[in-house]
$ cat run38.pdb   # PDB, C-alpha atoms and all ligand atoms
ATOM      1  CA  MET A  30     -25.023  -0.123   8.748  1.00  0.00           C
ATOM      2  CA  LYS A  31     -24.176  -0.003   5.005  1.00  0.00           C
ATOM      3  CA  LYS A  32     -20.963  -1.732   3.917  1.00  0.00           C
ATOM      4  CA  GLU A  33     -18.635   0.486   1.931  1.00  0.00           C
ATOM      5  CA  ILE A  34     -15.190   0.476   0.332  1.00  0.00           C
ATOM      6  CA  ILE A  35     -12.722   2.611   2.276  1.00  0.00           C
ATOM      7  CA  VAL A  36      -9.776   3.890   0.256  1.00  0.00           C
ATOM      8  CA  ILE A  37      -6.569   5.208   1.796  1.00  0.00           C
ATOM      9  CA  ASP A  38      -3.992   6.476  -0.683  1.00  0.00           C
ATOM     10  CA  GLY A  39      -0.828   8.385   0.053  1.00  0.00           C
ATOM     11  CA  PRO A  40       2.952   8.409  -0.198  1.00  0.00           C
ATOM     12  CA  ALA A  41       5.363   5.832   1.231  1.00  0.00           C
ATOM     13  CA  ALA A  42       5.608   5.609   5.015  1.00  0.00           C
ATOM     14  CA  SER A  43       2.684   7.955   5.627  1.00  0.00           C
ATOM     15  CA  GLY A  44       1.204   5.473   8.099  1.00  0.00           C
ATOM     16  CA  LYS A  45      -1.514   4.223   5.754  1.00  0.00           C
ATOM     17  CA  SER A  46      -1.200   0.550   6.572  1.00  0.00           C
ATOM     18  CA  THR A  47      -1.088   1.021  10.358  1.00  0.00           C
ATOM     19  CA  ILE A  48      -4.247   3.132  10.243  1.00  0.00           C
ATOM     20  CA  ALA A  49      -5.975   1.004   7.591  1.00  0.00           C
ATOM     21  CA  LYS A  50      -5.496  -2.152   9.681  1.00  0.00           C
ATOM     22  CA  ILE A  51      -7.003  -0.570  12.806  1.00  0.00           C
ATOM     23  CA  ILE A  52      -9.925   0.849  10.864  1.00  0.00           C
ATOM     24  CA  ALA A  53     -10.611  -2.465   9.155  1.00  0.00           C
ATOM     25  CA  HIS A  54     -10.605  -4.129  12.566  1.00  0.00           C
ATOM     26  CA  GLN A  55     -12.972  -1.560  14.099  1.00  0.00           C
ATOM     27  CA  MET A  56     -15.340  -1.734  11.114  1.00  0.00           C
ATOM     28  CA  GLN A  57     -15.034  -5.542  10.867  1.00  0.00           C
ATOM     29  CA  TYR A  58     -13.940  -5.091   7.248  1.00  0.00           C
ATOM     30  CA  MET A  59     -11.196  -6.946   5.383  1.00  0.00           C
ATOM     31  CA  TYR A  60      -7.888  -5.087   5.003  1.00  0.00           C
ATOM     32  CA  ILE A  61      -6.075  -5.294   1.672  1.00  0.00           C
ATOM     33  CA  ASP A  62      -2.556  -3.864   1.377  1.00  0.00           C
ATOM     34  CA  SER A  63      -2.232  -3.284  -2.381  1.00  0.00           C
ATOM     35  CA  GLY A  64       1.473  -2.388  -1.995  1.00  0.00           C
ATOM     36  CA  ALA A  65       2.045  -5.903  -0.640  1.00  0.00           C
ATOM     37  CA  MET A  66       0.746  -7.262  -3.955  1.00  0.00           C
ATOM     38  CA  TYR A  67       3.380  -5.290  -5.917  1.00  0.00           C
ATOM     39  CA  ARG A  68       5.953  -6.479  -3.384  1.00  0.00           C
ATOM     40  CA  CYS A  69       4.929 -10.127  -3.980  1.00  0.00           C
ATOM     41  CA  ILE A  70       5.516  -9.712  -7.722  1.00  0.00           C
ATOM     42  CA  ALA A  71       8.941  -8.183  -6.979  1.00  0.00           C
ATOM     43  CA  LEU A  72       9.799 -11.113  -4.684  1.00  0.00           C
ATOM     44  CA  TYR A  73       8.717 -13.629  -7.339  1.00  0.00           C
ATOM     45  CA  LYS A  74      10.992 -11.881  -9.880  1.00  0.00           C
ATOM     46  CA  ILE A  75      13.950 -12.093  -7.484  1.00  0.00           C
ATOM     47  CA  GLU A  76      13.329 -15.695  -6.442  1.00  0.00           C
ATOM     48  CA  HIS A  77      12.931 -16.899 -10.035  1.00  0.00           C
ATOM     49  CA  ASP A  78      15.722 -14.667 -11.341  1.00  0.00           C
ATOM     50  CA  LEU A  79      13.574 -13.258 -14.163  1.00  0.00           C
ATOM     51  CA  ASN A  80      13.863 -10.157 -16.291  1.00  0.00           C
ATOM     52  CA  ILE A  81      10.773  -7.973 -16.721  1.00  0.00           C
ATOM     53  CA  GLU A  82       9.718  -9.625 -20.019  1.00  0.00           C
ATOM     54  CA  GLN A  83       9.960 -13.121 -18.501  1.00  0.00           C
ATOM     55  CA  LEU A  84       8.105 -11.932 -15.409  1.00  0.00           C
ATOM     56  CA  ILE A  85       5.226 -10.531 -17.470  1.00  0.00           C
ATOM     57  CA  LYS A  86       5.003 -13.807 -19.434  1.00  0.00           C
ATOM     58  CA  GLN A  87       4.677 -15.779 -16.188  1.00  0.00           C
ATOM     59  CA  ILE A  88       2.387 -13.321 -14.429  1.00  0.00           C
ATOM     60  CA  ASN A  89      -0.597 -15.710 -14.359  1.00  0.00           C
ATOM     61  CA  GLU A  90       1.468 -18.173 -12.278  1.00  0.00           C
ATOM     62  CA  ILE A  91       1.610 -15.665  -9.426  1.00  0.00           C
ATOM     63  CA  LYS A  92      -1.157 -16.183  -6.878  1.00  0.00           C
ATOM     64  CA  ILE A  93      -1.411 -13.772  -3.975  1.00  0.00           C
ATOM     65  CA  CYS A  94      -3.733 -14.218  -0.978  1.00  0.00           C
ATOM     66  CA  PHE A  95      -4.423 -12.309   2.224  1.00  0.00           C
ATOM     67  CA  THR A  96      -5.656 -13.890   5.443  1.00  0.00           C
ATOM     68  CA  LEU A  97      -7.899 -12.286   8.055  1.00  0.00           C
ATOM     69  CA  ASP A  98      -4.912 -11.953  10.396  1.00  0.00           C
ATOM     70  CA  ASP A  99      -3.133  -9.790   7.759  1.00  0.00           C
ATOM     71  CA  LYS A 100      -0.694 -12.398   6.490  1.00  0.00           C
ATOM     72  CA  VAL A 101       0.305 -12.373   2.815  1.00  0.00           C
ATOM     73  CA  TYR A 102       0.756 -15.607   0.856  1.00  0.00           C
ATOM     74  CA  LEU A 103       2.590 -15.903  -2.451  1.00  0.00           C
ATOM     75  CA  ASN A 104       1.787 -19.201  -4.189  1.00  0.00           C
ATOM     76  CA  ASN A 105       0.755 -20.688  -0.821  1.00  0.00           C
ATOM     77  CA  ILE A 106       3.872 -19.570   1.064  1.00  0.00           C
ATOM     78  CA  ASP A 107       3.717 -17.008   3.862  1.00  0.00           C
ATOM     79  CA  VAL A 108       5.849 -14.070   2.648  1.00  0.00           C
ATOM     80  CA  THR A 109       4.527 -11.440   5.085  1.00  0.00           C
ATOM     81  CA  ASN A 110       7.998 -10.542   6.367  1.00  0.00           C
ATOM     82  CA  LYS A 111      10.030 -11.381   3.279  1.00  0.00           C
ATOM     83  CA  ILE A 112       8.258  -8.828   1.066  1.00  0.00           C
ATOM     84  CA  ARG A 113       9.516  -6.041   3.386  1.00  0.00           C
ATOM     85  CA  ASN A 114      13.201  -6.819   2.849  1.00  0.00           C
ATOM     86  CA  LYS A 115      15.630  -4.323   1.291  1.00  0.00           C
ATOM     87  CA  GLU A 116      16.048  -6.208  -1.967  1.00  0.00           C
ATOM     88  CA  VAL A 117      12.298  -6.249  -2.627  1.00  0.00           C
ATOM     89  CA  THR A 118      11.951  -2.599  -1.565  1.00  0.00           C
ATOM     90  CA  SER A 119      14.724  -1.571  -3.935  1.00  0.00           C
ATOM     91  CA  ILE A 120      13.082  -3.040  -7.075  1.00  0.00           C
ATOM     92  CA  VAL A 121       9.374  -2.703  -6.336  1.00  0.00           C
ATOM     93  CA  SER A 122       8.916   0.699  -7.962  1.00  0.00           C
ATOM     94  CA  GLU A 123      10.340  -0.734 -11.220  1.00  0.00           C
ATOM     95  CA  ILE A 124       7.687  -3.448 -11.017  1.00  0.00           C
ATOM     96  CA  ALA A 125       4.912  -0.951 -10.261  1.00  0.00           C
ATOM     97  CA  LYS A 126       5.670   0.975 -13.479  1.00  0.00           C
ATOM     98  CA  GLU A 127       4.669  -1.876 -15.759  1.00  0.00           C
ATOM     99  CA  SER A 128       1.174  -1.587 -17.212  1.00  0.00           C
ATOM    100  CA  GLU A 129       0.682  -5.381 -17.654  1.00  0.00           C
ATOM    101  CA  ILE A 130       1.559  -5.978 -14.011  1.00  0.00           C
ATOM    102  CA  ARG A 131      -0.730  -3.175 -12.855  1.00  0.00           C
ATOM    103  CA  ALA A 132      -3.606  -4.503 -14.977  1.00  0.00           C
ATOM    104  CA  TYR A 133      -3.158  -7.995 -13.475  1.00  0.00           C
ATOM    105  CA  LEU A 134      -3.224  -6.673  -9.909  1.00  0.00           C
ATOM    106  CA  VAL A 135      -5.939  -4.046 -10.390  1.00  0.00           C
ATOM    107  CA  LYS A 136      -8.330  -6.783 -11.599  1.00  0.00           C
ATOM    108  CA  GLN A 137      -7.725  -8.750  -8.388  1.00  0.00           C
ATOM    109  CA  GLN A 138      -8.007  -5.638  -6.221  1.00  0.00           C
ATOM    110  CA  GLN A 139     -11.372  -4.820  -7.813  1.00  0.00           C
ATOM    111  CA  ALA A 140     -12.569  -8.381  -7.189  1.00  0.00           C
ATOM    112  CA  TYR A 141     -11.869  -7.927  -3.456  1.00  0.00           C
ATOM    113  CA  GLY A 142     -14.264  -4.978  -3.509  1.00  0.00           C
ATOM    114  CA  LEU A 143     -17.216  -6.777  -5.114  1.00  0.00           C
ATOM    115  CA  ASN A 144     -19.009  -7.286  -1.804  1.00  0.00           C
ATOM    116  CA  LYS A 145     -17.683  -4.043  -0.299  1.00  0.00           C
ATOM    117  CA  GLY A 146     -16.685  -4.158   3.389  1.00  0.00           C
ATOM    118  CA  ILE A 147     -12.984  -3.616   2.657  1.00  0.00           C
ATOM    119  CA  VAL A 148     -10.294  -1.096   3.499  1.00  0.00           C
ATOM    120  CA  MET A 149      -7.627  -0.898   0.785  1.00  0.00           C
ATOM    121  CA  ASP A 150      -4.533   1.273   0.887  1.00  0.00           C
ATOM    122  CA  GLY A 151      -2.137   2.146  -1.915  1.00  0.00           C
ATOM    123  CA  ARG A 152      -1.369   4.822  -4.495  1.00  0.00           C
ATOM    124  CA  ASP A 153      -4.056   4.524  -7.197  1.00  0.00           C
ATOM    125  CA  ILE A 154      -6.936   3.026  -5.243  1.00  0.00           C
ATOM    126  CA  GLY A 155      -9.099   6.157  -5.348  1.00  0.00           C
ATOM    127  CA  SER A 156      -8.098   7.098  -8.899  1.00  0.00           C
ATOM    128  CA  VAL A 157      -8.021   3.759 -10.764  1.00  0.00           C
ATOM    129  CA  VAL A 158      -9.082   0.757  -8.660  1.00  0.00           C
ATOM    130  CA  PHE A 159     -12.228   2.178  -7.016  1.00  0.00           C
ATOM    131  CA  PRO A 160     -12.857   5.583  -8.594  1.00  0.00           C
ATOM    132  CA  THR A 161     -16.503   5.551  -7.438  1.00  0.00           C
ATOM    133  CA  ALA A 162     -15.823   4.595  -3.787  1.00  0.00           C
ATOM    134  CA  LYS A 163     -17.693   6.884  -1.378  1.00  0.00           C
ATOM    135  CA  ILE A 164     -15.012   7.030   1.310  1.00  0.00           C
ATOM    136  CA  LYS A 165     -11.593   8.137   0.115  1.00  0.00           C
ATOM    137  CA  PHE A 166      -8.719   9.451   2.174  1.00  0.00           C
ATOM    138  CA  TYR A 167      -5.379  10.830   1.102  1.00  0.00           C
ATOM    139  CA  MET A 168      -2.964  10.477   3.978  1.00  0.00           C
ATOM    140  CA  GLU A 169       0.279  12.358   4.124  1.00  0.00           C
ATOM    141  CA  ALA A 170       2.976  13.619   6.467  1.00  0.00           C
ATOM    142  CA  SER A 171       6.167  15.618   6.023  1.00  0.00           C
ATOM    143  CA  VAL A 172       9.217  13.727   4.700  1.00  0.00           C
ATOM    144  CA  GLU A 173      10.986  14.369   8.036  1.00  0.00           C
ATOM    145  CA  LYS A 174       8.125  12.911  10.098  1.00  0.00           C
ATOM    146  CA  ARG A 175       7.796   9.885   7.835  1.00  0.00           C
ATOM    147  CA  ALA A 176      11.550   9.253   7.963  1.00  0.00           C
ATOM    148  CA  LYS A 177      11.560   9.608  11.751  1.00  0.00           C
ATOM    149  CA  ARG A 178       8.761   7.049  12.113  1.00  0.00           C
ATOM    150  CA  ARG A 179      10.476   4.599   9.743  1.00  0.00           C
ATOM    151  CA  TYR A 180      13.774   5.124  11.613  1.00  0.00           C
ATOM    152  CA  GLN A 181      12.138   4.366  14.963  1.00  0.00           C
ATOM    153  CA  GLU A 182      10.395   1.310  13.544  1.00  0.00           C
ATOM    154  CA  ILE A 183      13.718  -0.138  12.299  1.00  0.00           C
ATOM    155  CA  ILE A 184      15.554   0.655  15.543  1.00  0.00           C
ATOM    156  CA  SER A 185      12.807  -0.865  17.668  1.00  0.00           C
ATOM    157  CA  ASN A 186      13.176  -4.101  15.657  1.00  0.00           C
ATOM    158  CA  GLY A 187      16.797  -4.174  16.818  1.00  0.00           C
ATOM    159  CA  ASP A 188      18.235  -3.247  13.394  1.00  0.00           C
ATOM    160  CA  GLN A 189      20.546  -0.384  12.468  1.00  0.00           C
ATOM    161  CA  ALA A 190      19.252   2.612  10.556  1.00  0.00           C
ATOM    162  CA  ASP A 191      20.566   5.854   9.108  1.00  0.00           C
ATOM    163  CA  TYR A 192      18.059   8.727   9.312  1.00  0.00           C
ATOM    164  CA  LEU A 193      19.467  10.689   6.361  1.00  0.00           C
ATOM    165  CA  ASN A 194      19.481   7.622   4.113  1.00  0.00           C
ATOM    166  CA  ILE A 195      15.859   6.950   5.035  1.00  0.00           C
ATOM    167  CA  CYS A 196      14.972  10.582   4.179  1.00  0.00           C
ATOM    168  CA  GLU A 197      16.643  10.280   0.780  1.00  0.00           C
ATOM    169  CA  ASP A 198      14.961   6.944   0.096  1.00  0.00           C
ATOM    170  CA  ILE A 199      11.521   8.362   0.920  1.00  0.00           C
ATOM    171  CA  LYS A 200      12.104  11.380  -1.347  1.00  0.00           C
ATOM    172  CA  LYS A 201      13.188   9.081  -4.186  1.00  0.00           C
ATOM    173  CA  ARG A 202      10.145   6.840  -3.764  1.00  0.00           C
ATOM    174  CA  ASP A 203       7.812   9.868  -3.648  1.00  0.00           C
ATOM    175  CA  TYR A 204       9.311  11.119  -6.907  1.00  0.00           C
ATOM    176  CA  GLU A 205       9.023   7.716  -8.609  1.00  0.00           C
ATOM    177  CA  ASP A 206       5.440   7.131  -7.408  1.00  0.00           C
ATOM    178  CA  MET A 207       4.280  10.618  -8.444  1.00  0.00           C
ATOM    179  CA  HIS A 208       6.024  10.854 -11.791  1.00  0.00           C
ATOM    180  CA  ARG A 209       5.494   7.459 -13.387  1.00  0.00           C
ATOM    181  CA  LEU A 210       3.410   7.228 -16.545  1.00  0.00           C
ATOM    182  CA  ASN A 211       1.014   4.521 -15.367  1.00  0.00           C
ATOM    183  CA  SER A 212      -1.359   5.373 -12.509  1.00  0.00           C
ATOM    184  CA  PRO A 213       0.896   7.812 -10.639  1.00  0.00           C
ATOM    185  CA  LEU A 214       0.137   8.728  -7.040  1.00  0.00           C
ATOM    186  CA  ILE A 215      -2.307  11.637  -7.086  1.00  0.00           C
ATOM    187  CA  LYS A 216      -4.759  13.115  -4.632  1.00  0.00           C
ATOM    188  CA  VAL A 217      -8.133  12.754  -6.319  1.00  0.00           C
ATOM    189  CA  LYS A 218     -10.626  15.601  -5.889  1.00  0.00           C
ATOM    190  CA  ASP A 219     -13.068  13.626  -3.771  1.00  0.00           C
ATOM    191  CA  ALA A 220     -10.438  12.322  -1.307  1.00  0.00           C
ATOM    192  CA  ILE A 221     -10.302  13.821   2.178  1.00  0.00           C
ATOM    193  CA  GLU A 222      -6.749  14.894   2.941  1.00  0.00           C
ATOM    194  CA  ILE A 223      -5.365  13.953   6.345  1.00  0.00           C
ATOM    195  CA  ASP A 224      -1.958  15.301   7.341  1.00  0.00           C
ATOM    196  CA  THR A 225      -0.665  13.042  10.104  1.00  0.00           C
ATOM    197  CA  SER A 226       2.570  14.986  10.743  1.00  0.00           C
ATOM    198  CA  ASN A 227       1.327  16.155  14.133  1.00  0.00           C
ATOM    199  CA  LEU A 228      -1.198  13.440  14.905  1.00  0.00           C
ATOM    200  CA  SER A 229      -0.746  10.293  16.976  1.00  0.00           C
ATOM    201  CA  ILE A 230      -2.068   6.953  15.698  1.00  0.00           C
ATOM    202  CA  ASP A 231      -5.099   7.242  18.003  1.00  0.00           C
ATOM    203  CA  GLU A 232      -5.828  10.790  16.892  1.00  0.00           C
ATOM    204  CA  THR A 233      -5.598   9.782  13.224  1.00  0.00           C
ATOM    205  CA  VAL A 234      -7.861   6.758  13.719  1.00  0.00           C
ATOM    206  CA  ASN A 235     -10.415   8.875  15.607  1.00  0.00           C
ATOM    207  CA  LYS A 236     -10.412  11.491  12.886  1.00  0.00           C
ATOM    208  CA  LEU A 237     -10.986   8.943  10.117  1.00  0.00           C
ATOM    209  CA  MET A 238     -13.542   6.957  12.108  1.00  0.00           C
ATOM    210  CA  SER A 239     -15.711  10.009  12.777  1.00  0.00           C
ATOM    211  CA  ILE A 240     -15.780  10.773   9.027  1.00  0.00           C
ATOM    212  CA  ILE A 241     -16.468   7.111   8.162  1.00  0.00           C
ATOM    213  CA  MET A 242     -19.328   6.800  10.680  1.00  0.00           C
ATOM    214  CA  GLU A 243     -21.042   9.849   9.117  1.00  0.00           C
ATOM    215  CA  LYS A 244     -20.700   8.298   5.653  1.00  0.00           C
ATOM    216  CA  VAL A 245     -21.976   4.809   6.473  1.00  0.00           C
ATOM    217  CA  LYS A 246     -25.087   6.037   8.356  1.00  0.00           C
TER     218      LYS A 246
HETATM  219  O1  LIG B 301       3.071   0.920   0.034  1.00  0.00           O
HETATM  220  P1  LIG B 301       4.337   0.112  -0.312  1.00  0.00           P
HETATM  221  O2  LIG B 301       5.617   0.821  -0.001  1.00  0.00           O
HETATM  222  O3  LIG B 301       4.312  -1.260   0.261  1.00  0.00           O
HETATM  223  O4  LIG B 301       4.278  -0.046  -1.898  1.00  0.00           O
HETATM  224  C1  LIG B 301       5.243  -0.770  -2.603  1.00  0.00           C
HETATM  225  C2  LIG B 301       5.385  -0.218  -4.008  1.00  0.00           C
HETATM  226  O5  LIG B 301       4.223  -0.473  -4.784  1.00  0.00           O
HETATM  227  C3  LIG B 301       5.665   1.280  -4.125  1.00  0.00           C
HETATM  228  O6  LIG B 301       6.719   1.462  -5.050  1.00  0.00           O
HETATM  229  C4  LIG B 301       4.411   1.864  -4.694  1.00  0.00           C
HETATM  230  C5  LIG B 301       3.762   0.715  -5.407  1.00  0.00           C
HETATM  231  N1  LIG B 301       2.308   0.730  -5.320  1.00  0.00           N
HETATM  232  C6  LIG B 301       1.623   1.142  -6.413  1.00  0.00           C
HETATM  233  O7  LIG B 301       2.209   1.524  -7.420  1.00  0.00           O
HETATM  234  N2  LIG B 301       0.259   1.109  -6.406  1.00  0.00           N
HETATM  235  C7  LIG B 301      -0.391   0.713  -5.313  1.00  0.00           C
HETATM  236  N3  LIG B 301      -1.727   0.694  -5.332  1.00  0.00           N
HETATM  237  C8  LIG B 301       0.309   0.308  -4.158  1.00  0.00           C
HETATM  238  C9  LIG B 301       1.683   0.334  -4.185  1.00  0.00           C
END
$ encode --input "run38.pdb" --output "structure tokens"
Amino acid sequence: MKKEIIVIDGPAASGKSTIAKIIAHQMQYMYIDSGAMYRCIALYKIEHDLNIEQLIKQINEIKICFTLDDKVYLNNIDVTNKIRNKEVTSIVSEIAKESEIRAYLVKQQQAYGLNKGIVMDGRDIGSVVFPTAKIKFYMEASVEKRAKRRYQEIISNGDQADYLNICEDIKKRDYEDMHRLNSPLIKVKDAIEIDTSNLSIDETVNKLMSIIMEKVK
């Protein structure tokens, strides 16, 4: 079976990473969460108390690694959970606007794809990082469905959540991701659109896998 690069772009909380992880596992490919890389840069900025100019100057000091069990390391420290905290989430779209930061991360993302056999999810993977990839998906779901899933995820972790706040936050992040100057979130022409609003995880995985298996024949 040919090895390929599988791209999954789409808005925040559309279920990309859940699906991408399962697909990578089934295909025995590596999974790369490009959003986690932007989150690592945001965490580094917070931990070193830097402004954007200082952060860009120090960008080469920031080393991000993924392990096969989907852990994320920032300068050799496991930050898998930390990069999901509220503080990081609240500044990460500011970080993702900066062209120097994007250029630094895009180079690393492209290096992961050199030997193919990867699933990468994000916002600009099909448009900028791997524009010639043969398997591209654009995954979306209604704001209400995405907010409901995020709400349930938070509650099931034993934390408190406010559904309307989550809705507003998702709408704000959609707007920021789609309207920024550098590499905004777009659905490229050759991406297959999957609306997961009324699909379970299994149904979504099955749908993607049947398309992937046709393409890697
Ligand atoms: O998917 P996520 O919520 O973990 O992404 C975090 C942030 O990074 C979000 O603001 C969008 C941005 N991002 C991006 O600009 N380009 C990517 N390829 C992936 C994420």
$ residues_around --input "run38.pdb" --residues "range 233-237 of chain A" --least-positions-apart "4" --cutoff "9 Å" --atoms "all atoms listed in the file" --output "list in words"
Ile48, Ala49, Ile51, Ile52, Phe166, Ile223, Asp224, Thr225, Leu228, Ser229, Ile241 and Met242 of chain A
$ axis_aligned_box --input "run38.pdb" --around "ligand LIG 301 (chain B)" --padding-each-side "4 Å" --output "AutoDock Vina command-line options"
--center_x 2.5 --center_y 0.3 --center_z -3.6 --size_x 16.4 --size_y 11.1 --size_z 15.7
$ residues_near_ligand --input "run38.pdb" --ligand "ligand LIG 301 (chain B)" --cutoff "8 Å" --atoms "all atoms listed in the file" --output "PyMOL selection string"
chain A and resi 38+40-42+46+62-68+113+118+121-126+131+150-154+202+205-206+212-214
$ closest_residue --input "run38.pdb" --among "A:Glu182, A:Glu82, A:Glu173, A:Glu116" --to "Asn194 in chain A" --atoms "all atoms listed in the file"
A:Glu173
$ resolve_selection --input "run38.pdb" --expression "the PyMOL selection byres (((chain A and resi 75) around 12) and not hetatm)" --output "list in words"
Arg68, Cys69, Ile70, Ala71, Leu72, Tyr73, Lys74, Glu76, His77, Asp78, Leu79, Asn80, Ile81, Gln83, Leu84, Lys111, Ile112, Asn114, Lys115, Glu116, Val117, Thr118, Ser119, Ile120, Val121 and Ile124 of chain A
$ residues_around --input "run38.pdb" --residues "Val245 in chain A" --least-positions-apart "6" --cutoff "8 Å" --atoms "all atoms listed in the file" --output "list in words"
Met30, Lys31, Lys32 and Glu33 of chain A
$ write_last_selection --input "run38.pdb" --atoms "C-alpha atoms" --output "PDB file, in the frame of the given file"
ATOM      1  CA  MET A  30     -25.023  -0.123   8.748  1.00  0.00           C
ATOM      2  CA  LYS A  31     -24.176  -0.003   5.005  1.00  0.00           C
ATOM      3  CA  LYS A  32     -20.963  -1.732   3.917  1.00  0.00           C
ATOM      4  CA  GLU A  33     -18.635   0.486   1.931  1.00  0.00           C
TER       5      GLU A  33
END
$ atom_distance --input "run38.pdb" --atom1 "CA of Tyr180 in chain A" --atom2 "CA of Glu197 in chain A"
12.3 Å
$ atom_distance --input "run38.pdb" --atom1 "CA of Gly44 in chain A" --atom2 "CA of Met238 in chain A"
15.4 Å
$ atom_distance --input "run38.pdb" --atom1 "CA of Ile147 in chain A" --atom2 "CA of Phe159 in chain A"
11.3 Å
$ residues_around --input "run38.pdb" --residues "Gly142 in chain A" --least-positions-apart "6" --cutoff "12 Å" --atoms "all atoms listed in the file" --output "list in words"
Lys32, Glu33, Ile34, Ile35, Val36, Tyr58, Met59, Tyr60, Ile61, Val135, Lys136, Val148, Met149, Ile154, Val158, Phe159, Pro160, Thr161 and Ala162 of chain A
$ closest_residue --input "run38.pdb" --among "A:Ile240, A:Ile230, A:Met168, A:Ile85" --to "Lys216 in chain A" --atoms "all atoms listed in the file"
A:Met168
$ closest_residue --input "run38.pdb" --among "A:Tyr204, A:Tyr133, A:Tyr141, A:Tyr102" --to "Lys86 in chain A" --atoms "all atoms listed in the file"
A:Tyr133
$ closest_residue --input "run38.pdb" --among "A:Cys94, A:Ile164, A:Ala176, A:Ile221" --to "Gln138 in chain A" --atoms "only C-alpha atoms"
A:Cys94
$ residues_near_point --input "run38.pdb" --point "(4.0, 12.9, 10.0)" --cutoff "6 Å" --atoms "only C-alpha atoms" --output "list in words"
Ala170, Ser171, Lys174, Arg175, Thr225, Ser226 and Asn227 of chain A
$ closest_residue --input "run38.pdb" --among "A:Ala53, A:Ala132, A:Val157, A:Ile199" --to "Lys177 in chain A" --atoms "only C-alpha atoms"
A:Ile199
$ closest_residue --input "run38.pdb" --among "A:Asp219, A:Asp99, A:Asp198, A:Glu129" --to "Gly155 in chain A" --atoms "all atoms listed in the file"
A:Asp219
$ residues_around --input "run38.pdb" --residues "Lys100 in chain A" --least-positions-apart "5" --cutoff "9 Å" --atoms "all atoms listed in the file" --output "PyMOL selection string"
chain A and resi 94-95+107-110
